[in-house]
Structure formats: C-alpha cells, structure tokens
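This is entry.cif. It holds mmCIF, N, CA and C atoms.
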```cif
data_entry
#
loop_
_atom_site.label_atom_id
_atom_site.label_comp_id
_atom_site.auth_asym_id
_atom_site.auth_seq_id
_atom_site.Cartn_x
_atom_site.Cartn_y
_atom_site.Cartn_z
N MET A 1309 20.79 20.17 -10.20
CA MET A 1309 20.02 20.28 -11.43
C MET A 1309 20.39 19.11 -12.35
N LYS A 1310 19.39 18.49 -12.95
CA LYS A 1310 19.61 17.36 -13.85
C LYS A 1310 20.14 17.82 -15.20
N SER A 1311 21.04 17.02 -15.75
CA SER A 1311 21.45 17.20 -17.14
C SER A 1311 20.42 16.48 -18.00
N THR A 1312 20.27 16.93 -19.24
CA THR A 1312 19.34 16.28 -20.15
C THR A 1312 20.06 15.75 -21.37
N CYS A 1313 19.63 14.59 -21.81
CA CYS A 1313 20.20 13.95 -22.99
C CYS A 1313 19.04 13.52 -23.88
N TYR A 1314 19.05 13.95 -25.14
CA TYR A 1314 17.97 13.65 -26.08
C TYR A 1314 18.39 12.50 -26.98
N PHE A 1315 17.56 11.47 -27.11
CA PHE A 1315 17.82 10.35 -28.02
C PHE A 1315 17.09 10.61 -29.33
N SER A 1316 17.83 10.67 -30.43
CA SER A 1316 17.25 10.84 -31.77
C SER A 1316 17.43 9.54 -32.54
N TYR A 1317 16.32 8.99 -33.04
CA TYR A 1317 16.34 7.71 -33.72
C TYR A 1317 15.15 7.64 -34.67
N CYS A 1318 15.14 6.64 -35.51
CA CYS A 1318 14.04 6.45 -36.44
C CYS A 1318 13.01 5.50 -35.83
N TRP A 1319 11.77 5.89 -35.84
CA TRP A 1319 10.71 5.06 -35.28
C TRP A 1319 10.56 3.74 -36.02
N ASP A 1320 11.14 3.62 -37.21
CA ASP A 1320 11.06 2.39 -37.98
C ASP A 1320 11.97 1.31 -37.41
N ASN A 1321 12.85 1.67 -36.49
CA ASN A 1321 13.79 0.73 -35.88
C ASN A 1321 13.29 0.23 -34.53
N SER A 1322 13.78 -0.92 -34.13
CA SER A 1322 13.50 -1.45 -32.80
C SER A 1322 14.12 -0.48 -31.78
N THR A 1323 13.45 -0.32 -30.66
CA THR A 1323 13.96 0.61 -29.65
C THR A 1323 14.61 -0.12 -28.47
N GLU A 1324 14.85 -1.40 -28.60
CA GLU A 1324 15.41 -2.18 -27.49
C GLU A 1324 16.73 -1.60 -26.98
N ILE A 1325 17.64 -1.26 -27.89
CA ILE A 1325 18.93 -0.70 -27.49
C ILE A 1325 18.73 0.63 -26.77
N MET A 1326 17.88 1.49 -27.34
CA MET A 1326 17.65 2.80 -26.74
C MET A 1326 17.03 2.69 -25.35
N GLU A 1327 16.06 1.79 -25.20
CA GLU A 1327 15.42 1.61 -23.91
C GLU A 1327 16.43 1.14 -22.86
N TYR A 1328 17.28 0.20 -23.27
CA TYR A 1328 18.32 -0.31 -22.36
C TYR A 1328 19.28 0.82 -21.97
N LEU A 1329 19.76 1.58 -22.95
CA LEU A 1329 20.71 2.66 -22.67
C LEU A 1329 20.09 3.76 -21.84
N LYS A 1330 18.82 4.07 -22.06
CA LYS A 1330 18.12 5.08 -21.25
C LYS A 1330 18.14 4.66 -19.78
N LYS A 1331 17.75 3.42 -19.52
CA LYS A 1331 17.74 2.93 -18.13
C LYS A 1331 19.13 2.97 -17.51
N GLU A 1332 20.14 2.55 -18.27
CA GLU A 1332 21.50 2.50 -17.75
C GLU A 1332 22.05 3.90 -17.46
N VAL A 1333 21.82 4.83 -18.37
CA VAL A 1333 22.31 6.20 -18.17
C VAL A 1333 21.67 6.81 -16.94
N GLU A 1334 20.36 6.68 -16.83
CA GLU A 1334 19.66 7.28 -15.70
C GLU A 1334 20.06 6.60 -14.38
N LYS A 1335 20.23 5.29 -14.42
CA LYS A 1335 20.62 4.56 -13.20
C LYS A 1335 22.06 4.88 -12.80
N LYS A 1336 22.98 4.80 -13.74
CA LYS A 1336 24.40 5.01 -13.42
C LYS A 1336 24.73 6.45 -13.09
N SER A 1337 23.88 7.37 -13.51
CA SER A 1337 24.11 8.78 -13.16
C SER A 1337 23.50 9.11 -11.81
N GLY A 1338 22.88 8.13 -11.20
CA GLY A 1338 22.22 8.38 -9.91
C GLY A 1338 21.06 9.35 -10.03
N GLY A 1339 20.42 9.34 -11.19
CA GLY A 1339 19.29 10.24 -11.41
C GLY A 1339 19.69 11.65 -11.80
N LYS A 1340 20.97 11.87 -12.06
CA LYS A 1340 21.44 13.21 -12.42
C LYS A 1340 21.29 13.52 -13.91
N VAL A 1341 21.01 12.48 -14.70
CA VAL A 1341 20.79 12.68 -16.14
C VAL A 1341 19.39 12.19 -16.48
N GLN A 1342 18.64 13.05 -17.14
CA GLN A 1342 17.31 12.68 -17.63
C GLN A 1342 17.42 12.46 -19.13
N VAL A 1343 17.05 11.27 -19.58
CA VAL A 1343 17.08 10.97 -21.01
C VAL A 1343 15.71 11.28 -21.60
N ILE A 1344 15.70 12.08 -22.65
CA ILE A 1344 14.45 12.39 -23.36
C ILE A 1344 14.38 11.44 -24.55
N PHE A 1345 13.42 10.56 -24.48
CA PHE A 1345 13.24 9.48 -25.45
C PHE A 1345 11.77 9.56 -25.83
N ASP A 1346 11.46 10.14 -26.98
CA ASP A 1346 10.09 10.54 -27.27
C ASP A 1346 9.02 9.48 -27.05
N LYS A 1347 9.29 8.24 -27.39
CA LYS A 1347 8.27 7.21 -27.18
C LYS A 1347 7.96 7.00 -25.71
N LYS A 1348 8.90 7.36 -24.85
CA LYS A 1348 8.71 7.18 -23.40
C LYS A 1348 8.50 8.50 -22.68
N SER A 1349 9.04 9.59 -23.20
CA SER A 1349 9.01 10.88 -22.49
C SER A 1349 7.87 11.79 -22.90
N PHE A 1350 7.31 11.60 -24.10
CA PHE A 1350 6.25 12.48 -24.59
C PHE A 1350 4.90 11.81 -24.41
N MET A 1351 3.91 12.60 -24.08
CA MET A 1351 2.54 12.11 -24.00
C MET A 1351 1.94 12.14 -25.40
N CYS A 1352 1.00 11.25 -25.67
CA CYS A 1352 0.38 11.16 -27.00
C CYS A 1352 -0.23 12.49 -27.45
N SER A 1353 -0.78 13.23 -26.51
CA SER A 1353 -1.48 14.48 -26.85
C SER A 1353 -0.54 15.68 -26.97
N GLU A 1354 0.75 15.49 -26.69
CA GLU A 1354 1.68 16.62 -26.73
C GLU A 1354 2.03 17.02 -28.16
N ASP A 1355 2.49 18.24 -28.29
CA ASP A 1355 2.94 18.78 -29.56
C ASP A 1355 4.38 18.30 -29.78
N PHE A 1356 4.54 17.25 -30.58
CA PHE A 1356 5.87 16.66 -30.80
C PHE A 1356 6.84 17.66 -31.43
N ILE A 1357 6.36 18.49 -32.34
CA ILE A 1357 7.24 19.46 -32.99
C ILE A 1357 7.83 20.42 -31.95
N LYS A 1358 6.99 20.86 -31.02
CA LYS A 1358 7.47 21.75 -29.96
C LYS A 1358 8.46 21.01 -29.06
N ARG A 1359 8.15 19.78 -28.69
CA ARG A 1359 9.03 19.00 -27.81
C ARG A 1359 10.37 18.66 -28.49
N GLU A 1360 10.34 18.42 -29.81
CA GLU A 1360 11.59 18.11 -30.53
C GLU A 1360 12.60 19.25 -30.40
N LYS A 1361 12.10 20.46 -30.26
CA LYS A 1361 12.98 21.63 -30.15
C LYS A 1361 13.79 21.63 -28.85
N GLU A 1362 13.46 20.72 -27.94
CA GLU A 1362 14.24 20.59 -26.71
C GLU A 1362 15.69 20.17 -27.01
N ILE A 1363 15.90 19.67 -28.21
CA ILE A 1363 17.26 19.28 -28.63
C ILE A 1363 18.22 20.45 -28.43
N ILE A 1364 17.77 21.64 -28.77
CA ILE A 1364 18.61 22.83 -28.71
C ILE A 1364 19.09 23.09 -27.28
N SER A 1365 18.23 22.90 -26.30
CA SER A 1365 18.61 23.20 -24.92
C SER A 1365 19.17 22.00 -24.15
N CYS A 1366 19.15 20.83 -24.74
CA CYS A 1366 19.69 19.65 -24.05
C CYS A 1366 21.20 19.75 -23.89
N ASP A 1367 21.69 19.12 -22.83
CA ASP A 1367 23.13 19.10 -22.59
C ASP A 1367 23.85 18.18 -23.58
N SER A 1368 23.15 17.13 -24.01
CA SER A 1368 23.75 16.20 -24.97
C SER A 1368 22.67 15.56 -25.83
N VAL A 1369 23.11 15.03 -26.96
CA VAL A 1369 22.22 14.34 -27.89
C VAL A 1369 22.91 13.06 -28.32
N VAL A 1370 22.17 11.96 -28.35
CA VAL A 1370 22.68 10.71 -28.90
C VAL A 1370 21.89 10.45 -30.17
N VAL A 1371 22.60 10.29 -31.29
CA VAL A 1371 21.97 10.02 -32.58
C VAL A 1371 22.19 8.55 -32.90
N PHE A 1372 21.10 7.81 -33.08
CA PHE A 1372 21.16 6.39 -33.39
C PHE A 1372 20.96 6.21 -34.90
N PHE A 1373 22.07 5.99 -35.61
CA PHE A 1373 22.03 5.89 -37.06
C PHE A 1373 21.67 4.48 -37.53
N SER A 1374 20.87 4.44 -38.61
CA SER A 1374 20.46 3.19 -39.25
C SER A 1374 20.15 3.53 -40.71
N PRO A 1375 20.04 2.51 -41.59
CA PRO A 1375 19.65 2.81 -42.97
C PRO A 1375 18.31 3.53 -43.06
N GLU A 1376 17.39 3.19 -42.18
CA GLU A 1376 16.06 3.84 -42.18
C GLU A 1376 16.19 5.32 -41.82
N TYR A 1377 17.02 5.61 -40.83
CA TYR A 1377 17.28 7.00 -40.41
C TYR A 1377 17.84 7.79 -41.59
N LYS A 1378 18.89 7.24 -42.19
CA LYS A 1378 19.57 7.92 -43.31
C LYS A 1378 18.62 8.16 -44.48
N LYS A 1379 17.80 7.19 -44.79
CA LYS A 1379 16.87 7.31 -45.92
C LYS A 1379 15.92 8.50 -45.73
N ILE A 1380 15.41 8.66 -44.53
CA ILE A 1380 14.49 9.77 -44.24
C ILE A 1380 15.22 11.11 -44.36
N ILE A 1381 16.45 11.17 -43.86
CA ILE A 1381 17.23 12.40 -43.93
C ILE A 1381 17.58 12.73 -45.37
N ASP A 1382 18.09 11.74 -46.10
CA ASP A 1382 18.47 11.97 -47.50
C ASP A 1382 17.28 12.36 -48.37
N LYS A 1383 16.12 11.83 -48.05
CA LYS A 1383 14.89 12.12 -48.79
C LYS A 1383 14.34 13.51 -48.44
N GLY A 1384 14.71 14.02 -47.26
CA GLY A 1384 14.22 15.34 -46.83
C GLY A 1384 12.75 15.31 -46.45
N ASP A 1385 12.32 14.21 -45.82
CA ASP A 1385 10.91 14.02 -45.47
C ASP A 1385 10.54 14.84 -44.23
N ILE A 1386 10.03 16.05 -44.46
CA ILE A 1386 9.71 16.95 -43.35
C ILE A 1386 8.52 16.50 -42.51
N THR A 1387 7.80 15.49 -42.98
CA THR A 1387 6.67 14.98 -42.20
C THR A 1387 7.14 14.06 -41.08
N ARG A 1388 8.40 13.66 -41.13
CA ARG A 1388 8.93 12.73 -40.13
C ARG A 1388 9.69 13.49 -39.05
N GLY A 1389 9.42 13.15 -37.81
CA GLY A 1389 10.06 13.80 -36.67
C GLY A 1389 11.56 13.68 -36.71
N VAL A 1390 12.06 12.54 -37.16
CA VAL A 1390 13.51 12.33 -37.19
C VAL A 1390 14.19 13.33 -38.13
N TYR A 1391 13.52 13.71 -39.20
CA TYR A 1391 14.09 14.71 -40.12
C TYR A 1391 14.14 16.08 -39.44
N ARG A 1392 13.06 16.44 -38.77
CA ARG A 1392 13.04 17.73 -38.06
C ARG A 1392 14.10 17.76 -36.96
N GLU A 1393 14.22 16.66 -36.22
CA GLU A 1393 15.24 16.57 -35.18
C GLU A 1393 16.64 16.73 -35.78
N TYR A 1394 16.85 16.08 -36.90
CA TYR A 1394 18.17 16.11 -37.53
C TYR A 1394 18.59 17.54 -37.89
N GLN A 1395 17.65 18.33 -38.35
CA GLN A 1395 17.97 19.72 -38.70
C GLN A 1395 18.43 20.48 -37.45
N LEU A 1396 17.80 20.22 -36.32
CA LEU A 1396 18.19 20.86 -35.06
C LEU A 1396 19.56 20.34 -34.60
N ILE A 1397 19.78 19.05 -34.78
CA ILE A 1397 21.07 18.45 -34.39
C ILE A 1397 22.20 19.04 -35.24
N LYS A 1398 21.96 19.24 -36.52
CA LYS A 1398 22.99 19.84 -37.38
C LYS A 1398 23.36 21.23 -36.91
N SER A 1399 22.38 22.00 -36.48
CA SER A 1399 22.69 23.35 -35.99
C SER A 1399 23.46 23.26 -34.67
N LYS A 1400 23.14 22.28 -33.85
CA LYS A 1400 23.85 22.07 -32.59
C LYS A 1400 25.28 21.59 -32.88
N LEU A 1401 25.46 20.82 -33.91
CA LEU A 1401 26.78 20.29 -34.28
C LEU A 1401 27.76 21.42 -34.56
N LYS A 1402 27.27 22.47 -35.19
CA LYS A 1402 28.14 23.61 -35.53
C LYS A 1402 28.62 24.34 -34.28
N LYS A 1403 27.80 24.37 -33.23
CA LYS A 1403 28.12 25.13 -32.03
C LYS A 1403 28.67 24.27 -30.90
N GLU A 1404 28.17 23.05 -30.79
CA GLU A 1404 28.48 22.20 -29.63
C GLU A 1404 28.79 20.77 -30.06
N GLU A 1405 29.75 20.60 -30.92
CA GLU A 1405 30.07 19.29 -31.48
C GLU A 1405 30.30 18.22 -30.41
N ASP A 1406 30.93 18.60 -29.31
CA ASP A 1406 31.23 17.64 -28.25
C ASP A 1406 30.00 17.17 -27.48
N SER A 1407 28.87 17.80 -27.70
CA SER A 1407 27.66 17.40 -26.97
C SER A 1407 26.85 16.35 -27.72
N ILE A 1408 27.36 15.90 -28.88
CA ILE A 1408 26.64 14.93 -29.70
C ILE A 1408 27.43 13.63 -29.77
N LEU A 1409 26.74 12.52 -29.47
CA LEU A 1409 27.33 11.19 -29.55
C LEU A 1409 26.64 10.44 -30.68
N GLU A 1410 27.42 9.92 -31.60
CA GLU A 1410 26.89 9.22 -32.75
C GLU A 1410 27.02 7.72 -32.55
N VAL A 1411 25.90 6.99 -32.71
CA VAL A 1411 25.88 5.55 -32.50
C VAL A 1411 25.30 4.88 -33.74
N LEU A 1412 26.03 3.93 -34.27
CA LEU A 1412 25.56 3.13 -35.40
C LEU A 1412 24.86 1.90 -34.83
N ILE A 1413 23.56 1.76 -35.09
CA ILE A 1413 22.82 0.62 -34.54
C ILE A 1413 22.48 -0.43 -35.59
N LYS A 1414 22.62 -0.07 -36.87
CA LYS A 1414 22.24 -1.00 -37.93
C LYS A 1414 22.90 -0.53 -39.22
N GLY A 1415 23.31 -1.46 -40.05
CA GLY A 1415 23.91 -1.09 -41.33
C GLY A 1415 25.39 -0.79 -41.21
N THR A 1416 25.90 -0.03 -42.19
CA THR A 1416 27.31 0.33 -42.24
C THR A 1416 27.43 1.84 -42.29
N LEU A 1417 28.66 2.34 -42.19
CA LEU A 1417 28.86 3.79 -42.30
C LEU A 1417 28.25 4.30 -43.60
N LYS A 1418 28.45 3.57 -44.68
CA LYS A 1418 27.96 4.02 -45.99
C LYS A 1418 26.43 3.96 -46.10
N THR A 1419 25.82 2.92 -45.56
CA THR A 1419 24.37 2.74 -45.73
C THR A 1419 23.52 3.42 -44.66
N ALA A 1420 24.15 3.79 -43.52
CA ALA A 1420 23.34 4.25 -42.40
C ALA A 1420 23.66 5.65 -41.88
N VAL A 1421 24.84 6.14 -42.19
CA VAL A 1421 25.27 7.41 -41.60
C VAL A 1421 25.20 8.53 -42.63
N THR A 1422 24.63 9.65 -42.22
CA THR A 1422 24.50 10.79 -43.12
C THR A 1422 25.87 11.42 -43.37
N GLU A 1423 25.97 12.17 -44.44
CA GLU A 1423 27.23 12.80 -44.83
C GLU A 1423 27.80 13.70 -43.72
N ASP A 1424 26.93 14.42 -43.03
CA ASP A 1424 27.38 15.33 -41.98
C ASP A 1424 28.13 14.61 -40.85
N PHE A 1425 27.82 13.34 -40.65
CA PHE A 1425 28.40 12.58 -39.54
C PHE A 1425 29.27 11.42 -39.99
N SER A 1426 29.57 11.32 -41.27
CA SER A 1426 30.25 10.14 -41.80
C SER A 1426 31.61 9.85 -41.17
N SER A 1427 32.25 10.85 -40.61
CA SER A 1427 33.57 10.61 -39.99
C SER A 1427 33.51 10.76 -38.48
N LYS A 1428 32.31 10.74 -37.91
CA LYS A 1428 32.18 11.03 -36.48
C LYS A 1428 31.60 9.90 -35.63
N ILE A 1429 31.36 8.73 -36.18
CA ILE A 1429 30.74 7.66 -35.40
C ILE A 1429 31.61 7.30 -34.20
N ALA A 1430 31.03 7.39 -33.03
CA ALA A 1430 31.75 7.13 -31.79
C ALA A 1430 31.58 5.69 -31.32
N VAL A 1431 30.40 5.12 -31.55
CA VAL A 1431 30.09 3.78 -31.06
C VAL A 1431 29.40 2.99 -32.17
N ASP A 1432 29.87 1.76 -32.39
CA ASP A 1432 29.25 0.89 -33.39
C ASP A 1432 28.58 -0.28 -32.67
N LEU A 1433 27.26 -0.25 -32.62
CA LEU A 1433 26.50 -1.33 -32.00
C LEU A 1433 25.76 -2.15 -33.07
N SER A 1434 26.14 -1.96 -34.33
CA SER A 1434 25.42 -2.62 -35.42
C SER A 1434 25.57 -4.13 -35.42
N LYS A 1435 26.56 -4.65 -34.73
CA LYS A 1435 26.76 -6.10 -34.67
C LYS A 1435 26.03 -6.72 -33.48
N GLY A 1436 25.26 -5.89 -32.76
CA GLY A 1436 24.49 -6.39 -31.63
C GLY A 1436 25.32 -6.65 -30.40
N ASN A 1437 26.42 -5.92 -30.26
CA ASN A 1437 27.32 -6.18 -29.13
C ASN A 1437 27.00 -5.33 -27.91
N VAL A 1438 25.74 -5.29 -27.56
CA VAL A 1438 25.33 -4.60 -26.34
C VAL A 1438 25.09 -5.67 -25.28
N ILE A 1439 25.63 -5.47 -24.12
CA ILE A 1439 25.41 -6.44 -23.04
C ILE A 1439 24.11 -6.08 -22.35
N ILE A 1440 23.21 -7.03 -22.33
CA ILE A 1440 21.89 -6.81 -21.74
C ILE A 1440 21.67 -7.88 -20.68
N LYS A 1441 21.19 -7.48 -19.54
CA LYS A 1441 20.89 -8.44 -18.49
C LYS A 1441 19.57 -9.12 -18.81
N ALA A 1442 19.61 -10.43 -18.79
CA ALA A 1442 18.40 -11.20 -19.02
C ALA A 1442 17.51 -11.07 -17.78
N LYS A 1443 16.29 -11.54 -17.89
CA LYS A 1443 15.35 -11.47 -16.78
C LYS A 1443 15.87 -12.20 -15.55
N ASN A 1444 16.73 -13.18 -15.77
CA ASN A 1444 17.26 -13.94 -14.63
C ASN A 1444 18.44 -13.23 -13.99
N GLY A 1445 18.81 -12.04 -14.49
CA GLY A 1445 19.88 -11.24 -13.90
C GLY A 1445 21.26 -11.52 -14.46
N LYS A 1446 21.39 -12.54 -15.31
CA LYS A 1446 22.69 -12.84 -15.91
C LYS A 1446 22.88 -12.02 -17.16
N LYS A 1447 24.13 -11.66 -17.43
CA LYS A 1447 24.41 -10.86 -18.62
C LYS A 1447 24.49 -11.75 -19.84
N SER A 1448 23.98 -11.21 -20.95
CA SER A 1448 24.09 -11.90 -22.23
C SER A 1448 24.42 -10.86 -23.27
N SER A 1449 25.00 -11.26 -24.37
CA SER A 1449 25.32 -10.28 -25.42
C SER A 1449 24.72 -10.68 -26.74
#
```

Once more with this new file: its structure as structure tokens, please.
Amino acid sequence: MKSTCYFSYCWDNSTEIMEYLKKEVEKKSGGKVQVIFDKKSFMCSEDFIKREKEIISCDSVVVFFSPEYKKIIDKGDITRGVYREYQLIKSKLKKEEDSILEVLIKGTLKTAVTEDFSSKIAVDLSKGNVIIKAKNGKKSS
C-alpha cells in the first residue's frame, strides 16, 4: 500500500521546488509514496475543497512557507485553498506532529512562518540551495 504525502503551498509562489521534490520523493521511494500536489494531482473539474480534506488521512504533510503563504493565513482568507488547508494541518499538528514537515522556501522565519510553526522549521530552502539536475544531467544548485 502506498503512503501519501500532501504538499501545502501558496499558489502565488513558483512551484519549481515542489515539482522537483515531488519527483524525487516518488522516485526514491520506488513508487511507495504518492505525493498529492494539487496543481498536478487534481483535475480542473474536481471539488478542491473536498480534495483538500485528504490532508487529514495523509501519512504526511509538507508545508512550504513563504511571505505569501503567511499573509493569507494571517488575513484569514477563507476563499483561498491554502487557508483551508492550513486549518486542517493545524488540527493534524495537535494529533500527529511528527507527520508534518515544515519547509521555508522564501523569506525569513519572521516574514514567512505562521505563529503555530515559528519554532518548527525543519528545512530552509529560502536561499535556493536545492540541487537540481539540469537538462544535460549535471547537478547545479
């Protein structure tokens, strides 16, 4: 049975890091982990609100923090999927803290990370230090 991992991020940000990490996780797990990444996993006609609730049943969640993400959460913008996802992630945090991985992709702890996660950032990729293979197969950072 496949494990599932949900990627939560703000659509206002570039998805290059998330797309790279999705491919790497699925490849390195030998297909044993399915990453749910809404721009790639959901069909346009699907009910996004219903699909967002998959966060609750996922084995893990990766939260990609940025100033744009934080602004939507702090503003309480219920029209944005990332806000709805965040509410589900907070409830999961209380029960399954170890199943959530926090990644800073842009900004600083102060400008990008919500209060609930301010002391929990596990990975800082805000300086662009992700190794990505170029089209020619060589690694670049």

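Reported to one decimal place, the separation of atom CA of A:Lys1418 from atom CA of A:Ile1381 is 13.8 Å.
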
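Among the candidates A:Asp1432, A:Tyr1394, A:Lys1378, A:Gly1339, the one nearest to A:Thr1419 when counting all atoms listed in the file is A:Lys1378.
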
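Atom C of A:Leu1409 to atom N of A:Val1371 spans 4.1 Å [interatomic distance, one decimal].
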
### Message
At a cut-off of 9 Å around the point (22.7, 5.6, -31.0) (file coordinates), what residues fall inside when counting only C-alpha atoms? I'd like the answer as a PyMOL selection string.
### Response
chain A and resi 1315-1317+1325-1326+1370-1374+1409-1413+1431-1433

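Across the chains present, the PyMOL selection byres (((chain A and resi 1398-1405 and name CA) around 10) and name CA) applied to this file returns Ile1363, Ile1364, Ser1365, Cys1366, Asp1367, Ser1368, Val1369, Glu1393, Tyr1394, Gln1395, Leu1396, Ile1397, Asp1406, Ser1407, Ile1408, Leu1409, Asp1424, Phe1425 and Lys1428 of chain A.
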
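Atom pair atom N of A:Pro1375 / atom C of A:Ile1429 has a distance of 14.5 Å (rounded to one decimal).
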
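Neighbouring residues of A:Glu1376 at 7 Å or closer, counting all atoms listed in the file and skipping chain neighbours under 6 positions away, are Cys1318, Asp1320, Asn1321, Thr1419 and Ala1420 of chain A.
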
### Query
DSSP says strand (DSSP E) for which residues of stretch 1329-1407 of chain A? Put them as a ChimeraX atom specification?
/A:1341-1344,1368-1373
